[in-house]
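target_3.cif (mmCIF, C-alpha atoms)
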data_query
#
loop_
_atom_site.label_atom_id
_atom_site.label_comp_id
_atom_site.auth_asym_id
_atom_site.auth_seq_id
_atom_site.Cartn_x
_atom_site.Cartn_y
_atom_site.Cartn_z
CA MET A 21 181.79 30.63 -70.34
CA ALA A 22 179.15 31.46 -67.76
CA VAL A 23 175.65 32.22 -68.92
CA ILE A 24 174.03 35.09 -67.11
CA SER A 25 170.23 34.62 -66.80
CA PRO A 26 167.95 37.64 -66.99
CA PRO A 27 166.74 39.04 -63.69
CA GLN A 28 163.45 37.50 -62.39
CA PRO A 29 160.67 39.84 -61.31
CA GLU A 30 159.97 39.91 -57.60
CA ALA A 31 156.90 37.99 -56.41
CA GLY A 32 154.07 40.33 -55.53
CA PRO A 33 150.79 39.78 -53.75
CA PRO A 34 148.28 37.48 -55.47
CA PRO A 35 145.80 39.20 -57.70
CA SER A 36 142.59 40.07 -55.92
CA HIS A 37 139.16 38.77 -57.04
CA PRO A 38 137.35 41.45 -58.92
CA SER A 39 134.16 40.98 -56.91
CA SER A 40 135.81 40.62 -53.48
CA PRO A 41 137.59 43.17 -51.29
CA GLN A 42 141.30 43.71 -51.75
CA GLY A 43 143.26 40.75 -50.39
CA SER A 44 140.23 38.54 -49.56
CA GLN A 45 139.73 35.02 -50.83
CA PRO A 46 136.99 34.36 -53.43
CA ALA A 47 133.60 33.38 -51.87
CA VAL A 48 132.66 29.74 -52.00
CA PRO A 49 129.24 29.29 -53.68
CA ALA A 50 126.57 28.02 -51.24
CA GLN A 51 125.16 24.56 -51.80
CA GLU A 52 121.65 24.30 -53.08
CA ARG A 53 119.06 23.66 -50.35
CA LYS A 54 117.58 20.19 -50.45
CA GLY A 55 113.83 19.60 -50.48
CA PRO A 56 111.96 18.05 -47.55
CA ASP A 57 112.74 14.44 -46.86
CA PRO A 58 109.71 12.32 -47.90
CA ARG A 59 110.51 9.87 -45.12
CA PHE A 60 109.37 12.54 -42.67
CA THR A 61 107.03 14.64 -44.82
CA VAL A 62 104.55 11.89 -45.71
CA PRO A 63 104.11 10.50 -42.15
CA GLY A 64 103.92 14.04 -40.79
CA ALA A 65 101.20 15.00 -43.23
CA ALA A 66 99.28 11.79 -42.46
CA LEU A 67 99.43 12.42 -38.71
CA THR A 68 98.37 16.03 -39.19
CA LEU A 69 95.39 14.94 -41.28
CA LEU A 70 94.44 12.30 -38.71
CA ALA A 71 94.64 14.85 -35.89
CA ALA A 72 92.42 17.24 -37.88
CA LEU A 73 89.87 14.47 -38.45
CA LEU A 74 89.78 13.53 -34.76
CA LEU A 75 89.45 17.18 -33.77
CA GLY A 76 86.64 17.70 -36.27
CA PHE A 77 84.95 14.51 -35.07
CA ALA A 78 85.02 15.70 -31.45
CA ALA A 79 83.84 19.18 -32.44
CA HIS A 80 80.96 17.75 -34.44
CA LEU A 81 79.76 15.61 -31.54
CA THR A 82 79.83 18.57 -29.16
CA VAL A 83 79.75 22.19 -30.35
CA LEU A 84 78.82 21.79 -34.01
CA GLY A 85 76.33 19.00 -33.24
CA HIS A 86 74.43 21.21 -30.80
CA ILE A 87 74.27 24.01 -33.38
CA GLU A 88 73.02 21.59 -36.02
CA HIS A 89 70.41 20.25 -33.60
CA ALA A 90 69.15 23.77 -32.77
CA ARG A 91 68.80 24.61 -36.45
CA ALA A 92 66.94 21.36 -37.19
CA GLN A 93 64.59 22.00 -34.28
CA GLN A 94 63.74 25.48 -35.52
CA THR A 95 63.11 24.41 -39.11
CA GLY A 96 61.17 21.33 -37.96
CA TYR A 97 58.97 23.42 -35.66
CA ASP A 98 58.20 25.91 -38.42
CA ARG A 99 57.26 23.12 -40.81
CA LEU A 100 55.09 21.27 -38.28
CA ARG A 101 53.34 24.48 -37.23
CA ASP A 102 52.36 25.15 -40.83
CA GLU A 103 51.12 21.57 -41.26
CA LEU A 104 49.09 21.77 -38.05
CA ALA A 105 47.50 25.02 -39.22
CA LEU A 106 46.64 23.48 -42.62
CA GLY A 107 45.49 20.16 -41.12
CA THR A 108 48.09 18.16 -43.06
CA ALA A 109 50.27 16.97 -40.16
CA PRO A 110 50.82 13.17 -40.13
CA VAL A 111 48.42 11.13 -37.98
CA GLY A 112 49.81 7.71 -38.94
CA PRO A 113 52.55 5.96 -40.88
CA ARG A 114 51.24 7.42 -44.16
CA ASP A 115 50.39 10.94 -45.25
CA GLN A 116 47.15 12.15 -46.84
CA GLN A 117 48.29 10.95 -50.27
CA GLY A 118 48.87 7.44 -48.95
CA ARG A 119 52.66 7.70 -49.14
CA PRO A 120 54.84 6.61 -46.20
CA VAL A 121 55.86 9.51 -43.98
CA PRO A 122 59.56 9.98 -44.82
CA ASN A 123 62.27 9.65 -42.21
CA GLY A 124 63.13 13.03 -40.74
CA ALA A 125 59.65 14.53 -41.18
CA PRO A 126 58.35 16.31 -38.03
CA VAL A 127 55.38 14.53 -36.48
CA ALA A 128 54.94 15.93 -32.94
CA VAL A 129 56.11 18.36 -30.26
CA LEU A 130 57.15 16.79 -26.94
CA HIS A 131 56.90 18.90 -23.76
CA ILE A 132 58.11 17.71 -20.33
CA PRO A 133 57.99 20.61 -17.83
CA ALA A 134 59.75 18.68 -15.03
CA ILE A 135 63.06 18.66 -16.94
CA GLY A 136 62.49 21.76 -19.08
CA LEU A 137 62.24 19.83 -22.34
CA ARG A 138 60.40 21.01 -25.45
CA GLU A 139 61.49 19.18 -28.59
CA VAL A 140 60.16 18.51 -32.06
CA VAL A 141 59.83 14.77 -32.67
CA PHE A 142 60.78 13.46 -36.11
CA GLN A 143 59.75 10.30 -37.92
CA GLY A 144 62.33 7.52 -37.68
CA THR A 145 64.99 6.59 -35.16
CA SER A 146 68.18 6.13 -37.18
CA SER A 147 71.35 7.80 -35.97
CA GLU A 148 71.04 10.46 -38.68
CA VAL A 149 67.43 11.32 -37.76
CA LEU A 150 68.25 11.58 -34.05
CA MET A 151 70.85 14.25 -34.87
CA SER A 152 67.87 16.59 -35.36
CA GLY A 153 66.02 15.60 -32.18
CA PRO A 154 63.95 12.78 -30.68
CA GLY A 155 62.56 10.26 -33.15
CA HIS A 156 59.34 8.26 -33.32
CA LEU A 157 59.79 4.51 -33.75
CA ARG A 158 57.96 3.90 -37.02
CA ASN A 159 56.33 0.58 -36.15
CA THR A 160 54.51 2.04 -33.13
CA PRO A 161 51.41 4.29 -33.08
CA LEU A 162 51.76 8.04 -32.76
CA PRO A 163 51.31 9.55 -29.28
CA GLY A 164 47.69 9.73 -28.20
CA GLN A 165 46.64 6.64 -30.11
CA PRO A 166 45.88 3.20 -28.61
CA GLY A 167 48.92 1.06 -27.89
CA THR A 168 52.48 1.90 -26.91
CA SER A 169 54.07 4.83 -28.74
CA THR A 170 57.88 4.83 -28.51
CA ILE A 171 60.15 7.85 -28.85
CA LEU A 172 63.96 7.60 -28.85
CA GLY A 173 66.35 10.45 -28.04
CA ARG A 174 70.04 11.07 -27.53
CA GLN A 175 71.61 11.24 -24.10
CA TRP A 176 74.65 13.46 -24.80
CA GLY A 177 75.18 14.37 -28.44
CA TYR A 178 73.27 16.79 -30.65
CA GLY A 179 71.45 18.89 -28.10
CA SER A 180 71.31 16.15 -25.41
CA PRO A 181 67.49 16.18 -25.46
CA PHE A 182 67.03 13.14 -23.17
CA ASN A 183 70.02 13.76 -20.91
CA HIS A 184 67.84 14.32 -17.81
CA LEU A 185 65.26 11.67 -18.52
CA ASP A 186 66.35 9.71 -15.44
CA GLN A 187 65.17 12.60 -13.24
CA LEU A 188 61.51 12.00 -14.08
CA ARG A 189 59.36 10.65 -11.27
CA ALA A 190 55.96 8.99 -11.14
CA GLY A 191 53.22 11.56 -11.58
CA ASP A 192 55.20 14.01 -13.74
CA PRO A 193 53.07 15.27 -16.65
CA ILE A 194 54.03 14.94 -20.33
CA THR A 195 52.28 16.71 -23.19
CA VAL A 196 52.61 15.72 -26.84
CA THR A 197 51.11 17.81 -29.65
CA THR A 198 50.29 15.90 -32.84
CA GLY A 199 48.01 16.31 -35.84
CA GLN A 200 45.19 15.08 -33.57
CA GLY A 201 45.68 17.76 -30.91
CA GLN A 202 47.32 17.75 -27.48
CA GLN A 203 47.83 14.38 -25.83
CA HIS A 204 48.44 14.23 -22.07
CA TYR A 205 50.42 11.57 -20.21
CA THR A 206 51.48 10.87 -16.65
CA VAL A 207 54.80 9.19 -15.85
CA THR A 208 54.38 5.80 -14.18
CA GLY A 209 58.02 4.74 -13.74
CA THR A 210 61.45 4.10 -15.25
CA ARG A 211 63.02 0.85 -16.40
CA ARG A 212 66.56 -0.37 -17.01
CA ALA A 213 67.91 -3.67 -18.25
CA GLY A 214 66.50 -6.51 -16.18
CA ASP A 215 63.55 -4.55 -14.77
CA GLN A 216 60.05 -5.91 -15.11
CA ASP A 217 57.98 -4.76 -18.10
CA PRO A 218 54.82 -2.77 -17.39
CA VAL A 219 51.46 -4.50 -17.38
CA ALA A 220 49.89 -5.14 -20.75
CA LEU A 221 47.46 -2.55 -22.07
CA THR A 222 43.80 -3.25 -22.48
CA ALA A 223 41.75 -2.22 -25.51
CA GLY A 224 41.64 1.56 -25.96
CA GLN A 225 44.50 2.33 -23.56
CA GLY A 226 47.62 4.21 -24.59
CA ARG A 227 51.17 4.39 -23.30
CA LEU A 228 54.18 6.53 -24.14
CA THR A 229 57.69 5.07 -23.73
CA LEU A 230 60.71 7.40 -23.90
CA VAL A 231 64.02 5.66 -24.59
CA THR A 232 67.60 6.88 -24.19
CA ALA A 233 71.04 5.55 -23.26
CA THR A 234 72.68 5.08 -19.88
CA GLY A 235 76.36 5.57 -19.13
CA GLY A 236 78.97 8.30 -18.88
CA TYR A 237 79.94 11.04 -21.31
CA TYR A 238 79.48 9.71 -24.86
CA THR A 239 79.96 6.13 -23.62
CA PRO A 240 76.54 4.43 -23.74
CA HIS A 241 76.34 0.94 -22.28
CA GLY A 242 72.64 0.41 -21.62
CA VAL A 243 69.08 1.60 -22.27
CA LEU A 244 66.79 3.63 -20.01
CA ARG A 245 63.04 3.62 -20.58
CA VAL A 246 60.45 5.95 -19.05
CA ASP A 247 56.82 4.83 -19.24
CA ALA A 248 53.80 7.15 -19.09
CA ARG A 249 50.10 6.34 -19.34
CA LEU A 250 47.69 8.21 -21.56
CA VAL A 251 45.25 10.47 -19.71
CA GLY A 252 41.86 10.67 -21.37
CA GLN A 253 40.45 8.99 -24.43
CA ALA A 254 42.72 7.61 -27.13
CA GLN A 255 42.52 9.05 -30.63
CA PRO A 256 41.58 7.02 -33.71
CA ALA A 257 44.62 5.30 -35.19
CA PRO A 258 45.34 3.84 -38.64
CA ALA A 259 46.99 0.47 -38.89
CA ALA A 260 50.59 0.46 -37.71
CA GLY A 261 53.17 -2.18 -36.98
CA GLY A 262 55.62 -4.06 -39.17
CA ALA A 263 59.36 -4.34 -38.90
CA VAL A 264 61.94 -1.56 -38.85
CA PRO A 265 65.56 -1.79 -40.04
CA ALA A 266 68.21 -2.77 -37.53
CA ALA A 267 69.69 0.74 -37.83
CA GLU A 268 66.59 2.18 -36.12
CA LEU A 269 66.70 0.00 -33.02
CA PRO A 270 68.06 1.36 -29.70
CA LEU A 271 71.88 1.77 -29.60
CA ALA A 272 72.23 0.87 -33.30
CA GLY A 273 74.44 2.65 -35.80
CA ASP A 274 73.59 3.37 -39.41
CA GLN A 275 75.83 1.17 -41.58
CA SER A 276 74.53 2.85 -44.73
CA ALA A 277 76.59 5.89 -43.71
CA TRP A 278 79.76 4.14 -44.93
CA LEU A 279 79.12 5.29 -48.51
CA PRO A 280 79.05 9.04 -47.75
CA VAL A 281 82.01 8.56 -45.39
CA LEU A 282 84.08 7.04 -48.21
CA LEU A 283 83.00 9.73 -50.68
CA TRP A 284 83.88 12.57 -48.31
CA LEU A 285 87.18 10.86 -47.51
CA GLN A 286 88.07 10.71 -51.21
CA ALA A 287 87.20 14.38 -51.60
CA LEU A 288 89.42 15.23 -48.64
CA LEU A 289 92.35 13.28 -50.08
CA VAL A 290 91.97 15.04 -53.45
CA ALA A 291 91.86 18.43 -51.72
CA THR A 292 94.93 17.56 -49.66
CA VAL A 293 96.92 16.66 -52.78
CA ALA A 294 95.78 19.89 -54.45
CA VAL A 295 96.82 21.97 -51.45
CA SER A 296 100.22 20.25 -51.34
CA TRP A 297 100.77 20.97 -55.04
CA ALA A 298 99.70 24.61 -54.62
CA TYR A 299 102.03 24.98 -51.63
CA ARG A 300 105.04 24.16 -53.84
CA ARG A 301 103.91 26.11 -56.92
CA TRP A 302 101.95 29.03 -55.49
CA GLY A 303 103.32 29.95 -52.05
CA ARG A 304 102.63 29.34 -48.40
CA TRP A 305 100.21 32.12 -47.49
CA GLN A 306 98.28 32.09 -50.74
CA THR A 307 97.76 28.34 -50.38
CA TRP A 308 96.55 28.50 -46.77
CA ILE A 309 94.18 31.39 -47.45
CA ALA A 310 92.56 29.53 -50.35
CA GLY A 311 92.88 25.94 -49.12
CA LEU A 312 92.15 26.11 -45.39
CA PRO A 313 88.40 26.87 -45.75
CA VAL A 314 88.03 23.99 -48.23
CA LEU A 315 89.86 21.52 -45.97
CA THR A 316 87.88 22.67 -42.93
CA ALA A 317 84.55 22.22 -44.71
CA LEU A 318 85.52 18.73 -45.89
CA VAL A 319 86.69 17.68 -42.40
CA ILE A 320 83.38 18.87 -40.90
CA ALA A 321 81.34 17.06 -43.57
CA LEU A 322 83.35 13.86 -43.13
CA SER A 323 83.09 13.91 -39.34
CA GLY A 324 79.35 14.54 -39.57
CA ALA A 325 78.88 11.54 -41.84
CA ALA A 326 81.05 9.40 -39.56
CA THR A 327 78.95 10.18 -36.47
CA ALA A 328 76.02 8.38 -38.11
CA LEU A 329 77.97 5.16 -37.61
CA LEU A 330 77.83 5.60 -33.83
CA PRO A 331 74.96 4.41 -31.58
CA ASN A 332 71.83 6.47 -32.18
CA LEU A 333 71.16 7.10 -28.47
CA MET A 334 74.62 8.48 -27.66
#
Would you encode the structure as structure tokens?
Amino acid sequence: MAVISPPQPEAGPPPSHPSSPQGSQPAVPAQERKGPDPRFTVPGAALTLLAALLLGFAAHLTVLGHIEHARAQQTGYDRLRDELALGTAPVGPRDQQGRPVPNGAPVAVLHIPAIGLREVVFQGTSSEVLMSGPGHLRNTPLPGQPGTSTILGRQWGYGSPFNHLDQLRAGDPITVTTGQGQQHYTVTGTRRAGDQDPVALTAGQGRLTLVTATGGYYTPHGVLRVDARLVGQAQPAPAAGGAVPAAELPLAGDQSAWLPVLLWLQALLVATVAVSWAYRRWGRWQTWIAGLPVLTALVIALSGAATALLPNLM
């Protein structure tokens, strides 16, 4: 006996997804976006930081350095003018209280009309001091006193005060104002490496020697000296002489600047880590608005400390 099976329902269209249009296939969920690959992120951040440091270093030697020099000249002139009016300006290696005149203290005003130079001269000749202007070599007498007074100045960086020193010719006048009044000199000649030294001074005579670098843009490779003889009677001078640190000799860098360089570098690394953390937790624009001024200030401070390692006459 044949068994009759019940009729099967006809196949209809597949049921549609409740959240998709009629007849469309269900949407495939998108894969989660992966984070940045550290193999490229870390080197990229390091190169960006290095580029910022090099840019800040170049800016500090040029634009920012000239601004810093102009500010130091103005503040130094105001201080020296007050000391000249009060009669407390230095006239030797020690002040009126018998203490050594500190490095960076203004001691004179140098005026050379032939090259349009008027600069405040500071005590000391380290690279850091010469960022403010010309510096007086501490183991030589002050201008106007018997003996050879030596003043060092930069050729290109930080105001370029001695950039045109090679244009001076014999007979050009030089005036230096110190705590003992105006001292007048006349240029006698220029010297480079290998040239003959000037004749020795006799008792009571005075000489001024201006020293700067020779070479191209920010590439010193020698020393230029301009000698000038004192016109008139020399002023009384306290005992001078002694040795100066190697960092204050011509074309020397200040190795003591390594400590502030390392400290500023650590501060920059901490700030970089903080900005990176804030970028992930806070947001792009909020992080840059708050972090960029901090990073810029640290880069400028670090580059300024690093320039003290370079030759002081550059």
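Proximity ranking of A:Pro265, A:Gly226, A:Gly76, A:Gly303 relative to Leu315 in chain A places A:Gly76 first, based on all atoms listed in the file.
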Original post:
Written as a PyMOL selection string, which residues does the PyMOL selection byres ((chain A and resi 67-74) around 12) give for the file shown?
Top reply: chain A and resi 60-66+75-81+284-285+288-289+291-293+312+315-327
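Near Asp217 in chain A, within 12 Å and counting all atoms listed in the file, sit Thr208, Gly209, Thr210, Arg211, Arg212, Thr229, Arg245, Val246 and Asp247 of chain A, not including residues fewer than 5 positions from it in the same chain.
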Would you write out those residues with C-alpha atoms, as an mmCIF file, in the frame of the given file?
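Result file again-v9.cif:
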data_model
loop_
_atom_site.group_PDB
_atom_site.id
_atom_site.type_symbol
_atom_site.label_atom_id
_atom_site.label_comp_id
_atom_site.auth_asym_id
_atom_site.auth_seq_id
_atom_site.Cartn_x
_atom_site.Cartn_y
_atom_site.Cartn_z
ATOM 1 C CA THR A 208 54.380 5.800 -14.180
ATOM 2 C CA GLY A 209 58.020 4.740 -13.740
ATOM 3 C CA THR A 210 61.450 4.100 -15.250
ATOM 4 C CA ARG A 211 63.020 0.850 -16.400
ATOM 5 C CA ARG A 212 66.560 -0.370 -17.010
ATOM 6 C CA THR A 229 57.690 5.070 -23.730
ATOM 7 C CA ARG A 245 63.040 3.620 -20.580
ATOM 8 C CA VAL A 246 60.450 5.950 -19.050
ATOM 9 C CA ASP A 247 56.820 4.830 -19.240
#
Original post:
Restricting the calculation to all atoms listed in the file, which member of A:Gln116, A:Ser152, A:Thr222, A:Thr145 is positioned closest to Ala272 in chain A?
Top reply: A:Thr145
Original post:
Can you tell me how far CA of Ala233 in chain A sits from CA of Glu268 in chain A, in Å to one decimal?
Top reply: 14.0 Å
